[in-house]
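See below for protein.cif, which holds mmCIF, C-alpha atoms.
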```
data_my_file
#
loop_
_atom_site.group_PDB
_atom_site.id
_atom_site.type_symbol
_atom_site.label_atom_id
_atom_site.label_comp_id
_atom_site.auth_asym_id
_atom_site.auth_seq_id
_atom_site.Cartn_x
_atom_site.Cartn_y
_atom_site.Cartn_z
ATOM 1 C CA MET A 1 0.000 0.000 0.000
ATOM 2 C CA PHE A 2 2.899 2.300 0.869
ATOM 3 C CA LEU A 3 4.492 1.563 -2.513
ATOM 4 C CA LEU A 4 1.248 2.282 -4.382
ATOM 5 C CA LYS A 5 0.886 5.559 -2.486
ATOM 6 C CA GLN A 6 4.476 6.566 -3.270
ATOM 7 C CA PHE A 7 4.061 5.469 -6.890
ATOM 8 C CA GLY A 8 0.934 7.570 -7.165
ATOM 9 C CA SER A 9 2.535 10.675 -5.657
ATOM 10 C CA LEU A 10 3.314 12.998 -8.572
ATOM 11 C CA LYS A 11 5.709 15.125 -6.539
ATOM 12 C CA TYR A 12 7.757 12.059 -5.536
ATOM 13 C CA THR A 13 7.741 10.689 -9.109
ATOM 14 C CA TYR A 14 8.832 14.062 -10.523
ATOM 15 C CA LYS A 15 11.820 14.070 -8.172
ATOM 16 C CA ILE A 16 12.841 10.434 -8.796
ATOM 17 C CA LEU A 17 12.582 10.736 -12.601
ATOM 18 C CA GLY A 18 14.807 13.825 -12.490
ATOM 19 C CA HIS A 19 17.549 11.735 -10.832
ATOM 20 C CA VAL A 20 17.100 8.732 -13.132
ATOM 21 C CA PHE A 21 17.036 10.634 -16.452
ATOM 22 C CA PRO A 22 20.795 11.458 -16.878
ATOM 23 C CA TRP A 23 21.757 7.838 -16.085
ATOM 24 C CA LEU A 24 19.288 6.440 -18.599
ATOM 25 C CA LEU A 25 20.390 8.892 -21.293
ATOM 26 C CA SER A 26 24.107 8.119 -20.764
ATOM 27 C CA LEU A 27 23.444 4.375 -20.806
ATOM 28 C CA SER A 28 21.329 4.719 -23.928
ATOM 29 C CA LEU A 29 23.998 6.701 -25.819
ATOM 30 C CA ALA A 30 26.734 4.224 -24.830
ATOM 31 C CA LEU A 31 24.666 1.201 -25.894
ATOM 32 C CA LEU A 32 23.595 2.809 -29.181
ATOM 33 C CA LEU A 33 27.194 3.780 -29.978
ATOM 34 C CA TYR A 34 28.484 0.250 -29.380
ATOM 35 C CA GLY A 35 25.503 -1.240 -31.245
ATOM 36 C CA LEU A 36 26.038 1.006 -34.276
ATOM 37 C CA ILE A 37 29.798 0.426 -34.488
ATOM 38 C CA GLY A 38 29.376 -3.306 -33.901
ATOM 39 C CA GLY A 39 26.433 -3.653 -36.264
ATOM 40 C CA LEU A 40 27.701 -1.510 -39.132
ATOM 41 C CA PHE A 41 31.447 -2.148 -39.042
ATOM 42 C CA LEU A 42 32.460 -5.075 -36.813
ATOM 43 C CA ALA A 43 29.826 -7.698 -37.660
ATOM 44 C CA PRO A 44 30.717 -9.651 -40.834
ATOM 45 C CA PRO A 45 28.294 -9.614 -43.815
ATOM 46 C CA ASP A 46 25.711 -12.400 -43.814
ATOM 47 C CA TYR A 47 26.585 -15.320 -46.110
ATOM 48 C CA GLN A 48 23.230 -15.073 -47.924
ATOM 49 C CA GLN A 49 22.039 -11.484 -47.454
ATOM 50 C CA GLY A 50 25.400 -9.695 -47.553
ATOM 51 C CA ASP A 51 25.235 -6.243 -45.938
ATOM 52 C CA GLY A 52 21.442 -6.121 -46.281
ATOM 53 C CA PHE A 53 21.092 -7.975 -42.988
ATOM 54 C CA ARG A 54 22.294 -4.831 -41.110
ATOM 55 C CA ILE A 55 18.706 -3.518 -41.251
ATOM 56 C CA LEU A 56 18.226 -6.024 -38.408
ATOM 57 C CA TYR A 57 19.823 -3.571 -35.942
ATOM 58 C CA ILE A 58 17.020 -1.045 -36.484
ATOM 59 C CA HIS A 59 14.143 -3.350 -37.422
ATOM 60 C CA VAL A 60 14.291 -5.788 -34.477
ATOM 61 C CA PRO A 61 14.625 -3.189 -31.652
ATOM 62 C CA ALA A 62 11.862 -1.045 -33.228
ATOM 63 C CA ALA A 63 9.526 -4.049 -33.583
ATOM 64 C CA PHE A 64 10.342 -5.200 -30.036
ATOM 65 C CA LEU A 65 9.597 -1.738 -28.630
ATOM 66 C CA SER A 66 6.364 -1.389 -30.611
ATOM 67 C CA LEU A 67 5.053 -4.442 -28.730
ATOM 68 C CA ALA A 68 6.728 -3.660 -25.394
ATOM 69 C CA ILE A 69 5.404 -0.080 -25.279
ATOM 70 C CA TYR A 70 1.880 -1.232 -26.129
ATOM 71 C CA SER A 71 2.027 -3.872 -23.373
ATOM 72 C CA PHE A 72 3.286 -1.186 -20.969
ATOM 73 C CA ILE A 73 0.407 1.120 -21.979
ATOM 74 C CA PHE A 74 -1.974 -1.803 -21.413
ATOM 75 C CA VAL A 75 -0.689 -2.415 -17.853
ATOM 76 C CA ASN A 76 -0.940 1.298 -17.050
ATOM 77 C CA SER A 77 -4.440 1.485 -18.527
ATOM 78 C CA VAL A 78 -5.639 -1.450 -16.420
ATOM 79 C CA ILE A 79 -4.237 0.170 -13.260
ATOM 80 C CA PHE A 80 -5.868 3.460 -14.254
ATOM 81 C CA LEU A 81 -9.256 1.857 -14.867
ATOM 82 C CA ILE A 82 -9.199 -0.015 -11.537
ATOM 83 C CA TRP A 83 -7.472 2.358 -9.096
ATOM 84 C CA ARG A 84 -7.617 5.697 -10.988
ATOM 85 C CA VAL A 85 -3.917 6.368 -10.398
ATOM 86 C CA LYS A 86 -3.267 9.632 -12.262
ATOM 87 C CA LEU A 87 0.354 8.777 -12.978
ATOM 88 C CA THR A 88 -0.596 5.701 -15.022
ATOM 89 C CA ASP A 89 -2.649 7.857 -17.393
ATOM 90 C CA ILE A 90 0.282 10.263 -17.732
ATOM 91 C CA ILE A 91 2.616 7.351 -18.588
ATOM 92 C CA ALA A 92 0.138 5.948 -21.134
ATOM 93 C CA LYS A 93 -0.315 9.365 -22.743
ATOM 94 C CA SER A 94 3.437 10.045 -22.900
ATOM 95 C CA SER A 95 4.212 6.619 -24.381
ATOM 96 C CA ALA A 96 1.633 6.481 -27.194
ATOM 97 C CA SER A 97 3.375 8.732 -29.729
ATOM 98 C CA MET A 98 6.726 7.006 -29.208
ATOM 99 C CA GLY A 99 5.058 3.602 -29.607
ATOM 100 C CA ALA A 100 3.471 4.765 -32.874
ATOM 101 C CA THR A 101 6.830 5.946 -34.188
ATOM 102 C CA PHE A 102 8.633 2.729 -33.314
ATOM 103 C CA THR A 103 5.866 0.769 -35.048
ATOM 104 C CA PHE A 104 6.273 2.974 -38.121
ATOM 105 C CA ILE A 105 10.061 2.391 -38.098
ATOM 106 C CA ALA A 106 9.461 -1.379 -37.819
ATOM 107 C CA LEU A 107 7.066 -1.317 -40.807
ATOM 108 C CA PHE A 108 9.250 0.978 -42.907
ATOM 109 C CA SER A 109 12.503 -0.895 -42.222
ATOM 110 C CA GLY A 110 10.635 -4.178 -42.822
ATOM 111 C CA ALA A 111 9.575 -2.917 -46.269
ATOM 112 C CA LEU A 112 13.168 -1.909 -47.046
ATOM 113 C CA TRP A 113 14.313 -5.365 -46.005
ATOM 114 C CA GLY A 114 11.482 -7.123 -47.829
ATOM 115 C CA LYS A 115 12.264 -5.648 -51.250
ATOM 116 C CA PRO A 116 15.736 -7.220 -51.688
ATOM 117 C CA MET A 117 14.940 -10.451 -49.778
ATOM 118 C CA TRP A 118 11.355 -11.273 -50.790
ATOM 119 C CA GLY A 119 11.191 -9.186 -53.970
ATOM 120 C CA THR A 120 8.345 -7.014 -52.675
ATOM 121 C CA TRP A 121 7.953 -3.961 -50.424
ATOM 122 C CA TRP A 122 4.732 -5.235 -48.865
ATOM 123 C CA ILE A 123 2.657 -8.401 -48.637
ATOM 124 C CA TRP A 124 -0.561 -9.084 -46.706
ATOM 125 C CA ASP A 125 1.238 -11.582 -44.522
ATOM 126 C CA ALA A 126 -0.091 -12.333 -40.988
ATOM 127 C CA ARG A 127 2.892 -10.722 -39.194
ATOM 128 C CA LEU A 128 2.935 -7.592 -41.364
ATOM 129 C CA THR A 129 -0.834 -7.101 -41.319
ATOM 130 C CA SER A 130 -1.122 -7.504 -37.531
ATOM 131 C CA GLU A 131 1.774 -5.028 -37.052
ATOM 132 C CA LEU A 132 -0.039 -2.566 -39.346
ATOM 133 C CA ILE A 133 -3.162 -2.985 -37.182
ATOM 134 C CA LEU A 134 -1.021 -2.140 -34.139
ATOM 135 C CA PHE A 135 0.087 1.064 -35.886
ATOM 136 C CA PHE A 136 -3.585 1.984 -36.486
ATOM 137 C CA LEU A 137 -4.336 1.229 -32.826
ATOM 138 C CA TYR A 138 -1.636 3.668 -31.757
ATOM 139 C CA LEU A 139 -3.033 6.287 -34.148
ATOM 140 C CA GLY A 140 -6.511 5.601 -32.739
ATOM 141 C CA ILE A 141 -5.308 6.193 -29.179
ATOM 142 C CA LEU A 142 -3.553 9.434 -30.198
ATOM 143 C CA GLY A 143 -6.595 10.614 -32.176
ATOM 144 C CA LEU A 144 -9.042 9.761 -29.402
ATOM 145 C CA ARG A 145 -6.931 11.629 -26.842
ATOM 146 C CA SER A 146 -6.871 14.797 -28.929
ATOM 147 C CA ALA A 147 -10.542 14.534 -29.952
ATOM 148 C CA ILE A 148 -11.987 14.580 -26.412
ATOM 149 C CA ARG A 149 -11.522 17.870 -24.604
ATOM 150 C CA ASP A 150 -12.383 16.665 -21.086
ATOM 151 C CA GLN A 151 -9.180 15.155 -19.688
ATOM 152 C CA ASN A 152 -10.850 12.520 -17.488
ATOM 153 C CA ARG A 153 -13.144 11.274 -20.245
ATOM 154 C CA ALA A 154 -10.234 11.174 -22.711
ATOM 155 C CA ALA A 155 -8.121 9.193 -20.227
ATOM 156 C CA LYS A 156 -10.914 6.670 -19.650
ATOM 157 C CA ALA A 157 -11.688 6.256 -23.368
ATOM 158 C CA CYS A 158 -8.000 5.784 -24.257
ATOM 159 C CA ALA A 159 -7.538 3.276 -21.437
ATOM 160 C CA ILE A 160 -10.504 1.208 -22.686
ATOM 161 C CA LEU A 161 -9.215 1.301 -26.281
ATOM 162 C CA SER A 162 -5.739 0.259 -25.097
ATOM 163 C CA VAL A 163 -7.157 -2.685 -23.148
ATOM 164 C CA VAL A 164 -9.291 -3.854 -26.084
ATOM 165 C CA GLY A 165 -6.403 -3.436 -28.552
ATOM 166 C CA MET A 166 -4.114 -5.622 -26.429
ATOM 167 C CA VAL A 167 -5.611 -8.648 -28.213
ATOM 168 C CA ASP A 168 -3.417 -7.750 -31.221
ATOM 169 C CA VAL A 169 -0.110 -8.105 -29.310
ATOM 170 C CA PRO A 170 -0.115 -11.917 -28.858
ATOM 171 C CA ILE A 171 -1.419 -12.245 -32.430
ATOM 172 C CA ILE A 172 1.648 -10.341 -33.708
ATOM 173 C CA HIS A 173 3.985 -12.383 -31.527
ATOM 174 C CA PHE A 174 2.623 -15.814 -32.413
ATOM 175 C CA SER A 175 1.573 -15.061 -36.026
ATOM 176 C CA VAL A 176 4.764 -16.665 -37.392
ATOM 177 C CA GLU A 177 3.931 -19.888 -35.533
ATOM 178 C CA TRP A 178 0.167 -19.991 -36.087
ATOM 179 C CA TRP A 179 0.177 -19.297 -39.827
ATOM 180 C CA ALA A 180 2.465 -20.024 -42.769
ATOM 181 C CA THR A 181 4.072 -16.613 -43.255
ATOM 182 C CA LEU A 182 6.896 -15.165 -45.335
ATOM 183 C CA HIS A 183 8.264 -13.547 -42.199
ATOM 184 C CA GLN A 184 10.878 -15.654 -40.407
ATOM 185 C CA GLY A 185 10.419 -17.029 -36.887
ATOM 186 C CA ALA A 186 12.025 -15.613 -33.750
ATOM 187 C CA THR A 187 15.824 -15.243 -33.889
ATOM 188 C CA LEU A 188 16.072 -14.803 -30.131
ATOM 189 C CA ALA A 189 13.810 -17.268 -28.350
ATOM 190 C CA LYS A 190 13.555 -17.143 -24.564
ATOM 191 C CA PHE A 191 14.901 -20.606 -23.722
ATOM 192 C CA ALA A 192 16.589 -21.633 -26.965
ATOM 193 C CA LYS A 193 20.132 -21.035 -28.153
ATOM 194 C CA PRO A 194 20.133 -17.952 -30.448
ATOM 195 C CA SER A 195 20.310 -18.822 -34.164
ATOM 196 C CA ILE A 196 22.753 -15.990 -34.866
ATOM 197 C CA ALA A 197 26.561 -15.665 -34.617
ATOM 198 C CA PRO A 198 27.893 -13.917 -31.460
ATOM 199 C CA GLU A 199 29.574 -11.139 -33.535
ATOM 200 C CA MET A 200 26.110 -10.271 -34.868
ATOM 201 C CA LEU A 201 24.250 -11.006 -31.637
ATOM 202 C CA TYR A 202 26.081 -8.661 -29.215
ATOM 203 C CA PRO A 203 25.484 -5.475 -31.262
ATOM 204 C CA LEU A 204 21.838 -6.535 -31.614
ATOM 205 C CA LEU A 205 21.447 -6.929 -27.841
ATOM 206 C CA SER A 206 23.189 -3.577 -27.393
ATOM 207 C CA MET A 207 20.795 -1.872 -29.837
ATOM 208 C CA LEU A 208 17.827 -3.484 -28.068
ATOM 209 C CA GLY A 209 19.082 -2.045 -24.766
ATOM 210 C CA GLY A 210 19.898 1.299 -26.388
ATOM 211 C CA PHE A 211 16.436 1.711 -27.942
ATOM 212 C CA THR A 212 14.725 0.717 -24.688
ATOM 213 C CA THR A 213 16.756 3.056 -22.489
ATOM 214 C CA PHE A 214 16.312 5.862 -25.040
ATOM 215 C CA TYR A 215 12.546 5.397 -24.778
ATOM 216 C CA ALA A 216 12.779 5.296 -20.968
ATOM 217 C CA ALA A 217 14.911 8.476 -20.868
ATOM 218 C CA LEU A 218 12.507 10.420 -23.075
ATOM 219 C CA LEU A 219 9.581 9.033 -21.106
ATOM 220 C CA CYS A 220 11.118 10.514 -17.931
ATOM 221 C CA VAL A 221 11.158 14.015 -19.474
ATOM 222 C CA ARG A 222 7.677 13.652 -20.975
ATOM 223 C CA VAL A 223 6.150 12.418 -17.717
ATOM 224 C CA ARG A 224 7.816 15.256 -15.788
ATOM 225 C CA THR A 225 6.500 17.801 -18.319
ATOM 226 C CA GLU A 226 2.988 16.382 -18.087
ATOM 227 C CA ILE A 227 3.117 16.424 -14.267
ATOM 228 C CA LEU A 228 4.066 20.128 -14.325
ATOM 229 C CA LYS A 229 1.249 20.863 -16.790
ATOM 230 C CA ARG A 230 -1.401 19.049 -14.757
ATOM 231 C CA GLU A 231 -0.283 20.180 -11.315
ATOM 232 C CA TRP A 232 0.640 23.774 -12.109
ATOM 233 C CA LYS A 233 -1.860 25.094 -9.568
ATOM 234 C CA THR A 234 -0.193 23.262 -6.662
ATOM 235 C CA GLU A 235 2.321 25.007 -4.473
ATOM 236 C CA TRP A 236 5.229 22.611 -5.066
ATOM 237 C CA VAL A 237 5.005 23.010 -8.867
ATOM 238 C CA ARG A 238 4.909 26.797 -8.561
ATOM 239 C CA LEU A 239 8.014 26.592 -6.370
ATOM 240 C CA VAL A 240 9.800 24.387 -8.951
ATOM 241 C CA LEU A 241 8.888 26.740 -11.807
ATOM 242 C CA ALA A 242 9.787 29.874 -9.820
ATOM 243 C CA SER A 243 13.169 28.517 -8.692
ATOM 244 C CA ASN A 244 13.950 27.579 -12.299
ATOM 245 C CA ALA A 245 13.017 31.103 -13.467
ATOM 246 C CA ILE A 246 15.352 32.611 -10.830
ATOM 247 C CA GLN A 247 18.168 30.239 -11.852
ATOM 248 C CA THR A 248 17.783 31.138 -15.544
ATOM 249 C CA GLN A 249 17.760 34.853 -14.712
ATOM 250 C CA GLY A 250 20.900 34.414 -12.579
ATOM 251 C CA GLN A 251 22.704 32.580 -15.378
ATOM 252 C CA ARG A 252 21.746 35.302 -17.852
ATOM 253 C CA SER A 253 23.009 38.122 -15.613
ATOM 254 C CA VAL A 254 26.309 36.239 -14.997
ATOM 255 C CA SER A 255 26.871 35.647 -18.723
ATOM 256 C CA GLY A 256 25.732 39.209 -19.576
ATOM 257 C CA MET B 1 29.508 -3.760 -49.870
ATOM 258 C CA SER B 2 26.962 -5.872 -51.764
ATOM 259 C CA HIS B 3 24.169 -4.116 -53.684
ATOM 260 C CA TYR B 4 21.711 -5.146 -50.935
ATOM 261 C CA GLY B 5 23.606 -2.709 -48.713
ATOM 262 C CA MET B 6 21.973 0.247 -50.471
ATOM 263 C CA TYR B 7 18.733 -0.532 -48.622
ATOM 264 C CA ILE B 8 20.276 -0.072 -45.184
ATOM 265 C CA TRP B 9 21.040 3.670 -45.387
ATOM 266 C CA PRO B 10 17.438 4.925 -45.748
ATOM 267 C CA CYS B 11 16.593 2.729 -42.754
ATOM 268 C CA TYR B 12 19.316 4.210 -40.527
ATOM 269 C CA LEU B 13 18.552 7.712 -41.769
ATOM 270 C CA LEU B 14 14.884 7.314 -40.845
ATOM 271 C CA ALA B 15 15.764 6.032 -37.365
ATOM 272 C CA LEU B 16 18.154 8.948 -36.824
ATOM 273 C CA THR B 17 15.546 11.480 -37.988
ATOM 274 C CA VAL B 18 12.889 9.991 -35.727
ATOM 275 C CA PHE B 19 15.191 9.912 -32.695
ATOM 276 C CA GLY B 20 16.200 13.510 -33.368
ATOM 277 C CA TYR B 21 12.613 14.646 -33.820
ATOM 278 C CA HIS B 22 11.495 12.978 -30.574
ATOM 279 C CA CYS B 23 14.319 14.667 -28.642
ATOM 280 C CA TYR B 24 13.406 18.041 -30.196
ATOM 281 C CA ALA B 25 9.658 17.671 -29.537
ATOM 282 C CA THR B 26 10.204 16.533 -25.940
ATOM 283 C CA LEU B 27 12.555 19.417 -25.127
ATOM 284 C CA ARG B 28 10.254 21.924 -26.851
ATOM 285 C CA GLU B 29 7.327 20.852 -24.628
ATOM 286 C CA TRP B 30 9.542 20.960 -21.524
ATOM 287 C CA ARG B 31 10.726 24.506 -22.290
ATOM 288 C CA LYS B 32 7.191 25.638 -23.168
ATOM 289 C CA VAL B 33 5.994 24.853 -19.633
ATOM 290 C CA PHE B 34 8.640 27.110 -18.086
ATOM 291 C CA LYS B 35 8.129 29.826 -20.699
ATOM 292 C CA ASN B 36 4.357 29.859 -20.105
ATOM 293 C CA PHE B 37 4.891 30.165 -16.357
ATOM 294 C CA LYS B 38 7.168 33.222 -16.789
ATOM 295 C CA GLU B 39 4.593 34.943 -18.986
#
```
Please render this file's structure as structure tokens.
Amino acid sequence: MFLLKQFGSLKYTYKILGHVFPWLLSLSLALLLYGLIGGLFLAPPDYQQGDGFRILYIHVPAAFLSLAIYSFIFVNSVIFLIWRVKLTDIIAKSSASMGATFTFIALFSGALWGKPMWGTWWIWDARLTSELILFFLYLGILGLRSAIRDQNRAAKACAILSVVGMVDVPIIHFSVEWWATLHQGATLAKFAKPSIAPEMLYPLLSMLGGFTTFYAALLCVRVRTEILKREWKTEWVRLVLASNAIQTQGQRSVSG
Amino acid sequence: MSHYGMYIWPCYLLALTVFGYHCYATLREWRKVFKNFKE
């Protein structure tokens, strides 16, 4: 109960996220740098696909995050619908646009990979179609949020849509097993040995970590911004904003 | 580099653009809150 109360406290969350943000950003930049160098220069070309396989380092992390962010929105929406924790709605709202973009990157990079490997940019394959539906779900959540002016009604409607749309996530994940698809099966299965050489695998894991921490770092800033917007009438937010204004003025007068 | 390699650059360019845009949009919103308060 104590944890739930602390988790729900916007003032406490604002403070914690401020401490976490620089660490997440540094970690993200380090992982992305290693992933990019490893993926583009150190990993050898694939024996069948040549250098074309390097799309993997963008496509897989983007596709992973498109599903992970939606699942995260789903968990937050369920908590919001049951306990009405304000923070969960803020997290869901701040995540939706990033989830939509990662889904778009996954679809776009998939098309770029599909053309040389399958001979076509797009096919109505189970994996591709269900991922496209996920993209529309994200757009639906974003559209619904901006269409309803009342914040509480918008939050409730988006939470319901997110919960209903969750049915698409397992379909995307298992589509390559349930149906005969052009899309290959999982390269990194949970309990199986990875079907990829270590020189290719480590940069991929690094990019996965880099994408995820990048999302988490930006989420910290977005959640903090949203907290300030929603709580601007409270005394602690006014103090934060006022102290920042004084600091900025001080810096200007020192530099001037 | 094999000819398949030509497909990888648009992919990386898109990812870079999107990352950059998200950073820009997030910082713009953050600064807007403080600017609005001052006004």
Item to complete: May I have the protein, DNA and RNA residues with an atom at most 9 Å from (7.0, -3.8, -42.8), counting all atoms listed in the file in the file's coordinates, returned as a ChimeraX atom specification?
Response: /A:59,104-114,121-123,127-129,131-132
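Taking CA of Ser66 (chain A) and CA of Phe102 (chain A) as endpoints, the distance between them is 5.4 Å.
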Under the rule of at most 10 Å, produce a per-residue listing of region 181-229 of chain A near region 21-34 of chain B: chain, number, name, the closest pair of atoms, and the distance in Å, as a tab-separated table, using all atoms listed in the file.
```
residue	atom	partner	partner_atom	distance
A:Phe214	CA	B:Cys23	CA	9.7
A:Tyr215	CA	B:His22	CA	9.6
A:Ala217	CA	B:Cys23	CA	10.0
A:Leu218	CA	B:Thr26	CA	7.1
A:Leu219	CA	B:Thr26	CA	8.9
A:Val221	CA	B:Thr26	CA	7.0
A:Arg222	CA	B:Thr26	CA	6.3
A:Val223	CA	B:Trp30	CA	9.9
A:Arg224	CA	B:Trp30	CA	8.3
A:Thr225	CA	B:Trp30	CA	5.4
A:Glu226	CA	B:Trp30	CA	8.7
A:Leu228	CA	B:Val33	CA	7.4
A:Lys229	CA	B:Val33	CA	6.8
```
Carefully work through the PyMOL selection byres ((chain A and resi 70) around 9) for this structure and note down the residues it includes, as a PDB file with C-alpha atoms, in the frame of the given file.
```pdb
ATOM      1  CA  LEU A  65       9.597  -1.738 -28.630  1.00  0.00           C
ATOM      2  CA  SER A  66       6.364  -1.389 -30.611  1.00  0.00           C
ATOM      3  CA  LEU A  67       5.053  -4.442 -28.730  1.00  0.00           C
ATOM      4  CA  ALA A  68       6.728  -3.660 -25.394  1.00  0.00           C
ATOM      5  CA  ILE A  69       5.404  -0.080 -25.279  1.00  0.00           C
ATOM      6  CA  SER A  71       2.027  -3.872 -23.373  1.00  0.00           C
ATOM      7  CA  PHE A  72       3.286  -1.186 -20.969  1.00  0.00           C
ATOM      8  CA  ILE A  73       0.407   1.120 -21.979  1.00  0.00           C
ATOM      9  CA  PHE A  74      -1.974  -1.803 -21.413  1.00  0.00           C
ATOM     10  CA  VAL A  75      -0.689  -2.415 -17.853  1.00  0.00           C
ATOM     11  CA  ALA A  92       0.138   5.948 -21.134  1.00  0.00           C
ATOM     12  CA  SER A  95       4.212   6.619 -24.381  1.00  0.00           C
ATOM     13  CA  ALA A  96       1.633   6.481 -27.194  1.00  0.00           C
ATOM     14  CA  GLY A  99       5.058   3.602 -29.607  1.00  0.00           C
ATOM     15  CA  LEU A 134      -1.021  -2.140 -34.139  1.00  0.00           C
ATOM     16  CA  TYR A 138      -1.636   3.668 -31.757  1.00  0.00           C
ATOM     17  CA  SER A 162      -5.739   0.259 -25.097  1.00  0.00           C
ATOM     18  CA  GLY A 165      -6.403  -3.436 -28.552  1.00  0.00           C
ATOM     19  CA  MET A 166      -4.114  -5.622 -26.429  1.00  0.00           C
ATOM     20  CA  VAL A 169      -0.110  -8.105 -29.310  1.00  0.00           C
TER      21      VAL A 169
END
```
Fill in: Evaluate the PyMOL selection byres ((chain A and resi 207) around 7) and report residues as number ranges by chain
A: 31-32, 35, 57, 61, 203-206, 208-211
Item to complete: Name the residues that the PyMOL selection byres ((chain A and resi 193-200) around 12) pulls out of this structure, and write them as number ranges by chain.
Response: A: 35-47, 51, 53-57, 184-192, 201-207
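With distances restricted to only C-alpha atoms, A:Lys115 is the closest residue to chain B from A:Lys93, A:Lys115, A:Arg149, A:His19.
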Find the residues near Ala154 (chain A): any atom within 10 Å, counting all atoms listed in the file, skip ones fewer than 4 places away on the same chain, and give them as an mmCIF file with C-alpha atoms, in the coordinates of the input.
```cif
data_model
loop_
_atom_site.group_PDB
_atom_site.id
_atom_site.type_symbol
_atom_site.label_atom_id
_atom_site.label_comp_id
_atom_site.auth_asym_id
_atom_site.auth_seq_id
_atom_site.Cartn_x
_atom_site.Cartn_y
_atom_site.Cartn_z
ATOM 1 C CA ASP A 89 -2.649 7.857 -17.393
ATOM 2 C CA ILE A 141 -5.308 6.193 -29.179
ATOM 3 C CA LEU A 144 -9.042 9.761 -29.402
ATOM 4 C CA ARG A 145 -6.931 11.629 -26.842
ATOM 5 C CA SER A 146 -6.871 14.797 -28.929
ATOM 6 C CA ALA A 147 -10.542 14.534 -29.952
ATOM 7 C CA ILE A 148 -11.987 14.580 -26.412
ATOM 8 C CA ARG A 149 -11.522 17.870 -24.604
ATOM 9 C CA ASP A 150 -12.383 16.665 -21.086
ATOM 10 C CA CYS A 158 -8.000 5.784 -24.257
ATOM 11 C CA ALA A 159 -7.538 3.276 -21.437
ATOM 12 C CA ILE A 160 -10.504 1.208 -22.686
#
```
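Here CA of Gly143 (chain A) is placed at a distance of 19.7 Å from CA of Ser130 (chain A).
Taking CA of Ile16 (chain A) and CA of Ile91 (chain A) as endpoints, the distance between them is 14.5 Å.
Checking A:Ala63, A:Val20, A:Ile58, A:Val164 one by one against Cys11 (chain B), counting all atoms listed in the file, you find the shortest gap at A:Ile58.
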Worksheet item: Looking at A:Ser9, A:Gln151, A:Ser97, A:Ser26, which one is nearest to chain B, with distances taken over only C-alpha atoms?
Response: A:Ser97
Discussion item. I'd like the neighbourhood of Thr213 (chain A) as number ranges by chain, where a residue qualifies if any of its atoms comes within 9 Å (using all atoms listed in the file), though same-chain residues fewer than 6 positions away should be ignored.
Written reply: A: 24-25, 27-29, 31
Worksheet, complete the sentence: Counting all atoms listed in the file, the residue among B:Ile8, B:Phe19, B:Leu13, B:Lys35 that lies closest to chain A is B:Ile8
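Closest approach to chain B from the set A:Phe64, A:Trp232, A:Phe136, A:Tyr12 is made by A:Trp232, with distances taken over all atoms listed in the file.
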